[in-house]
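Structure file my_file13.cif (mmCIF, C-alpha atoms and all ligand atoms) is printed below.
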data_query
#
loop_
_atom_site.label_atom_id
_atom_site.label_comp_id
_atom_site.auth_asym_id
_atom_site.auth_seq_id
_atom_site.Cartn_x
_atom_site.Cartn_y
_atom_site.Cartn_z
CA MET A 300 107.66 97.72 111.15
CA LYS A 301 111.21 96.39 111.41
CA SER A 302 111.67 92.66 110.97
CA THR A 303 114.58 90.43 111.89
CA TYR A 304 115.08 89.13 108.35
CA THR A 305 118.42 90.44 107.14
CA GLY A 306 118.22 89.56 103.44
CA ASN A 307 117.37 92.10 100.77
CA LEU A 308 114.16 92.52 98.83
CA PHE A 309 114.84 92.88 95.12
CA LEU A 310 112.19 94.35 92.84
CA VAL A 311 112.66 93.14 89.27
CA GLY A 312 110.62 93.46 86.11
CA PHE A 313 110.49 95.18 82.77
CA MET A 314 111.07 98.93 82.52
CA GLY A 315 107.94 100.89 83.30
CA CYS A 316 106.46 98.26 85.63
CA GLY A 317 106.83 100.62 88.60
CA LYS A 318 109.93 99.31 90.41
CA SER A 319 111.47 102.69 91.16
CA THR A 320 108.14 104.14 92.33
CA ILE A 321 107.15 101.18 94.45
CA ALA A 322 110.60 100.47 95.97
CA PRO A 323 110.65 103.70 98.08
CA LEU A 324 107.09 103.03 99.30
CA LEU A 325 108.00 99.48 100.28
CA ALA A 326 111.25 100.61 101.92
CA GLU A 327 109.30 103.17 103.94
CA LYS A 328 106.68 100.62 104.99
CA LEU A 329 109.33 98.10 106.03
CA LYS A 330 111.70 100.72 107.51
CA ARG A 331 114.54 99.46 105.37
CA PRO A 332 117.16 101.34 103.36
CA LEU A 333 116.47 101.91 99.68
CA PHE A 334 118.83 101.22 96.79
CA ASP A 335 118.16 101.80 93.09
CA THR A 336 120.65 100.26 90.66
CA ASP A 337 119.96 102.71 87.81
CA GLU A 338 120.26 105.64 90.19
CA TRP A 339 123.52 104.25 91.55
CA VAL A 340 125.02 103.88 88.05
CA VAL A 341 123.88 107.41 87.13
CA ASN A 342 125.46 108.86 90.28
CA ASP A 343 128.61 106.82 89.90
CA THR A 344 129.20 107.81 86.27
CA GLY A 345 127.73 111.31 86.34
CA MET A 346 125.77 110.45 83.17
CA SER A 347 122.16 109.63 82.42
CA ILE A 348 121.39 106.05 81.31
CA SER A 349 120.83 107.36 77.76
CA GLU A 350 124.20 109.13 77.76
CA ILE A 351 125.92 105.97 78.98
CA PHE A 352 124.36 103.88 76.20
CA ALA A 353 125.14 106.54 73.57
CA ASN A 354 128.74 107.19 74.65
CA TYR A 355 129.91 103.82 75.95
CA GLY A 356 127.37 101.26 74.73
CA GLU A 357 125.16 98.72 76.44
CA LYS A 358 128.01 96.32 77.31
CA TRP A 359 129.73 98.97 79.40
CA PHE A 360 126.47 99.84 81.09
CA ARG A 361 125.93 96.16 81.94
CA GLU A 362 129.39 95.95 83.52
CA LYS A 363 128.61 98.97 85.69
CA GLU A 364 125.24 97.47 86.56
CA THR A 365 126.84 94.16 87.57
CA GLY A 366 129.33 96.01 89.78
CA CYS A 367 126.46 97.83 91.39
CA LEU A 368 124.49 94.62 91.97
CA LYS A 369 127.48 93.18 93.82
CA ILE A 370 127.34 96.16 96.16
CA ALA A 371 123.57 95.81 96.54
CA ALA A 372 123.82 92.07 97.21
CA ALA A 373 126.44 92.66 99.89
CA MET A 374 124.01 94.86 101.80
CA GLN A 375 121.83 93.31 104.40
CA ASP A 376 118.32 94.47 104.68
CA SER A 377 117.59 96.82 101.83
CA VAL A 378 114.83 97.22 99.31
CA VAL A 379 116.50 97.28 95.90
CA SER A 380 114.99 98.44 92.61
CA VAL A 381 116.87 96.45 89.96
CA GLY A 382 117.23 97.73 86.37
CA GLY A 383 115.00 95.69 84.03
CA GLY A 384 117.77 93.91 82.13
CA ALA A 385 120.10 93.10 85.01
CA ILE A 386 118.78 89.62 85.70
CA LEU A 387 119.57 88.51 82.12
CA ASN A 388 123.08 87.86 83.36
CA SER A 389 122.76 84.53 85.15
CA GLN A 390 125.56 85.40 87.59
CA ASN A 391 123.59 88.47 88.61
CA PHE A 392 120.48 86.40 89.03
CA ILE A 393 122.29 83.87 91.24
CA LEU A 394 123.73 86.70 93.30
CA LEU A 395 120.29 88.16 93.94
CA LYS A 396 118.80 84.75 94.74
CA LYS A 397 121.50 84.16 97.33
CA SER A 398 121.14 87.48 99.05
CA GLY A 399 117.44 88.00 99.31
CA ILE A 400 113.91 87.63 98.03
CA ILE A 401 113.23 88.46 94.38
CA ILE A 402 109.89 90.06 93.62
CA TYR A 403 108.76 90.27 89.99
CA LEU A 404 106.43 93.12 89.09
CA LYS A 405 104.69 91.63 86.09
CA CYS A 406 103.13 93.98 83.59
CA ALA A 407 101.49 93.32 80.18
CA PRO A 408 103.35 94.58 77.07
CA GLU A 409 100.52 96.97 76.11
CA GLU A 410 100.59 98.46 79.59
CA ILE A 411 104.37 98.81 79.48
CA LEU A 412 104.09 100.65 76.17
CA ASN A 413 101.61 103.12 77.67
CA ARG A 414 103.97 103.82 80.51
CA VAL A 415 107.24 104.23 78.59
CA ARG A 416 106.03 105.55 75.23
CA ASN A 417 107.22 109.12 75.78
CA ASP A 418 110.13 108.45 78.08
CA LYS A 419 113.36 109.66 76.50
CA ASN A 420 115.57 107.89 79.02
CA ARG A 421 114.83 104.33 77.81
CA PRO A 422 117.66 103.74 75.33
CA LEU A 423 116.52 100.24 74.38
CA LEU A 424 113.27 101.68 73.03
CA ALA A 425 114.23 105.24 72.18
CA ASN A 426 115.25 104.59 68.58
CA VAL A 427 112.52 102.12 67.79
CA PRO A 428 109.80 103.59 65.52
CA GLU A 429 106.50 104.10 67.33
CA GLN A 430 104.71 101.40 65.31
CA ASP A 431 107.37 98.80 66.23
CA LYS A 432 107.66 99.56 69.93
CA LEU A 433 105.06 97.05 71.10
CA GLU A 434 106.72 94.26 69.12
CA LYS A 435 110.13 95.22 70.55
CA ILE A 436 108.74 95.12 74.10
CA ARG A 437 107.22 91.70 73.39
CA GLN A 438 110.56 90.41 72.05
CA LEU A 439 112.51 91.64 75.05
CA LEU A 440 109.90 90.28 77.44
CA THR A 441 110.05 86.87 75.76
CA GLN A 442 113.85 86.80 76.24
CA ARG A 443 113.53 87.82 79.87
CA GLU A 444 110.39 86.10 81.06
CA THR A 445 112.18 82.84 81.99
CA TYR A 446 114.37 84.76 84.42
CA TYR A 447 111.61 86.95 85.77
CA GLN A 448 109.45 83.88 86.37
CA MET A 449 112.14 82.36 88.59
CA SER A 450 111.48 85.11 91.13
CA ASP A 451 110.28 84.14 94.58
CA ILE A 452 107.15 86.26 94.35
CA ILE A 453 105.24 87.36 91.26
CA VAL A 454 102.94 90.37 91.51
CA ASN A 455 100.68 91.35 88.62
CA VAL A 456 100.62 95.09 88.05
CA LYS A 457 97.82 96.90 86.23
CA ASN A 458 97.34 100.54 85.33
CA ASP A 459 94.10 100.96 87.24
CA GLU A 460 95.71 100.09 90.57
CA SER A 461 97.50 102.72 92.64
CA VAL A 462 101.18 102.19 93.51
CA GLN A 463 100.15 102.39 97.17
CA HIS A 464 97.83 99.46 96.69
CA VAL A 465 100.43 97.41 94.79
CA THR A 466 102.87 98.14 97.65
CA LYS A 467 100.29 96.88 100.15
CA ARG A 468 99.87 93.68 98.17
CA ILE A 469 103.65 93.14 98.03
CA PHE A 470 103.87 93.83 101.74
CA SER A 471 101.23 91.23 102.49
CA ARG A 472 103.15 88.67 100.41
CA VAL A 473 106.51 89.34 102.07
CA GLU A 474 105.48 89.89 105.66
CA ASP A 475 105.35 86.15 106.38
CA LEU A 476 108.76 85.61 104.84
CA ILE A 477 110.75 88.32 106.53
C1 LIG B 501 116.93 98.50 81.06
C2 LIG B 501 116.10 99.02 82.01
C3 LIG B 501 116.36 100.30 82.65
C4 LIG B 501 117.84 100.65 82.61
C5 LIG B 501 118.36 100.54 81.22
C6 LIG B 501 118.19 99.14 80.64
C7 LIG B 501 116.57 97.19 80.45
O1 LIG B 501 115.96 100.25 84.01
O2 LIG B 501 118.56 99.83 83.46
O3 LIG B 501 117.68 101.47 80.42
O4 LIG B 501 117.46 96.54 79.89
O5 LIG B 501 115.39 96.80 80.56
P1 LIG B 501 114.43 100.25 84.49
O6 LIG B 501 113.93 98.85 84.36
O7 LIG B 501 114.50 100.67 85.92
O8 LIG B 501 113.69 101.21 83.65
#

Any chance you could give the structure as structure tokens?
Amino acid sequence: MKSTYTGNLFLVGFMGCGKSTIAPLLAEKLKRPLFDTDEWVVNDTGMSISEIFANYGEKWFREKETGCLKIAAAMQDSVVSVGGGAILNSQNFILLKKSGIIIYLKCAPEEILNRVRNDKNRPLLANVPEQDKLEKIRQLLTQRETYYQMSDIIVNVKNDESVQHVTKRIFSRVEDLI
């Protein structure tokens, strides 16, 4: 299906909520180009996200991410997987709002922990002791929830649902808007 809507569809949400898995499925279903901000930064810098944080720090990563969002927002009809912390910058958030529909994949902290527990490429959680990880996720979510909640569409994501099914649900929410 190819619609006439020329704005972008931005998938936002905390790390581990499934953005980068669901974005390609949604892009395929909608026949739209796919863009992943983390992937773009990794390709642009030639470093993994962890290497960027370790060598240049989070601030530098955020600058790269903002640059990348400007490119994404200037595109017309793409499905964009947006790194979990990008919308904390209000300018970024405004940019996304102006150039498309923001879809929040909402996931409970316990579920997020299950998904990211052993992932070495999550620098914000990598050095947090195992017993403190859930609390750290809760803290970050509390800081971010206000932004996430301002999304145009909120989709609850649970572990027992396949990514294909979540994609279908997102599709049914956006098809009237695009
Ligand atoms: C981050 C999320 C990551 C990545 C970086 C910082 C965050 O992206 O951009 O590690 O601040 O939540 P994903 O949400 O795609 O994992």

**Study point:** Residues within 7 Å of ligand LIG 501 (chain B), counting all atoms listed in the file, as a ChimeraX atom specification
**Key:** /A:312-315,318-319,337,348,381-385,420-423

Just C-alpha atoms for this one: save the residues we selected as a PDB file, in the coordinates of the input.
ATOM      1  CA  GLY A 312     110.620  93.460  86.110  1.00  0.00           C
ATOM      2  CA  PHE A 313     110.490  95.180  82.770  1.00  0.00           C
ATOM      3  CA  MET A 314     111.070  98.930  82.520  1.00  0.00           C
ATOM      4  CA  GLY A 315     107.940 100.890  83.300  1.00  0.00           C
ATOM      5  CA  LYS A 318     109.930  99.310  90.410  1.00  0.00           C
ATOM      6  CA  SER A 319     111.470 102.690  91.160  1.00  0.00           C
ATOM      7  CA  ASP A 337     119.960 102.710  87.810  1.00  0.00           C
ATOM      8  CA  ILE A 348     121.390 106.050  81.310  1.00  0.00           C
ATOM      9  CA  VAL A 381     116.870  96.450  89.960  1.00  0.00           C
ATOM     10  CA  GLY A 382     117.230  97.730  86.370  1.00  0.00           C
ATOM     11  CA  GLY A 383     115.000  95.690  84.030  1.00  0.00           C
ATOM     12  CA  GLY A 384     117.770  93.910  82.130  1.00  0.00           C
ATOM     13  CA  ALA A 385     120.100  93.100  85.010  1.00  0.00           C
ATOM     14  CA  ASN A 420     115.570 107.890  79.020  1.00  0.00           C
ATOM     15  CA  ARG A 421     114.830 104.330  77.810  1.00  0.00           C
ATOM     16  CA  PRO A 422     117.660 103.740  75.330  1.00  0.00           C
ATOM     17  CA  LEU A 423     116.520 100.240  74.380  1.00  0.00           C
TER      18      LEU A 423
END

Practice item. Would you mind listing what lies within 10 Å of A:Ala373 as a ChimeraX atom specification, with all atoms listed in the file counted and same-chain residues fewer than 6 positions away left out? Key: /A:306-307,367,394-395,398

Check your understanding: A:Asn426: which residues within 12 Å, counting only C-alpha atoms, same-chain residues fewer than 5 positions away excluded, as a list in words?
Key -> Ser349, Phe352, Ala353, Arg416, Asn417, Asp418, Lys419, Asn420, Arg421, Asp431, Lys432 and Lys435 of chain A

Revision key, fill the gap. Restricting to all atoms listed in the file, whichever of A:Gly317, A:Ile370, A:Glu364, A:Ile401 is closest to A:Glu460 is A:Gly317

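Distances to A:Leu440 were evaluated for A:Lys405, A:Lys369, A:Lys328, A:Lys363 using only C-alpha atoms, and the minimum falls at A:Lys405.
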
Exercise for review: Using all atoms listed in the file, determine which residues lie at most 6 Å from A:Val378, disregarding the query and same-chain residues fewer than 3 positions distant; provide the list as JSON, numbers by chain.
Suggested key: {"A": [307, 308, 326, 333]}

Exercise for review: Have a look at atom CA of A:Ile400 and atom CA of A:Ile386 and let me know their distance in Å, one decimal.
Suggested key: 13.4 Å

Practice item. Name the residues within 9 Å of (108.7, 86.7, 106.9), counting only C-alpha atoms in the file's coordinates, and put them as an NGL selection string. Key: :A and (302-304 or 472-477)

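A straight line drawn from atom CA of A:Val311 to atom CA of A:Glu429 is 25.3 Å long.
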
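Of note, atom CA of A:Leu329 and atom CA of A:Arg468 are spaced 13.1 Å apart.
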
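Considering all atoms listed in the file, the residue among A:Asn388, A:Glu327, A:Cys316, A:Asp376 positioned nearest to A:Lys358 is A:Asn388.
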
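Restricting the calculation to only C-alpha atoms, the smallest distance between A:Gln438 and any of A:His464, A:Pro408, A:Phe470, A:Ala372 is found for A:Pro408.
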
Check your understanding: Skipping near chain neighbours, those fewer than 4 positions away, what residues fall within 10 Å of A:Leu387 using all atoms listed in the file, listed as a PyMOL selection string?
Key -> chain A and resi 361+383+391-392+442-447
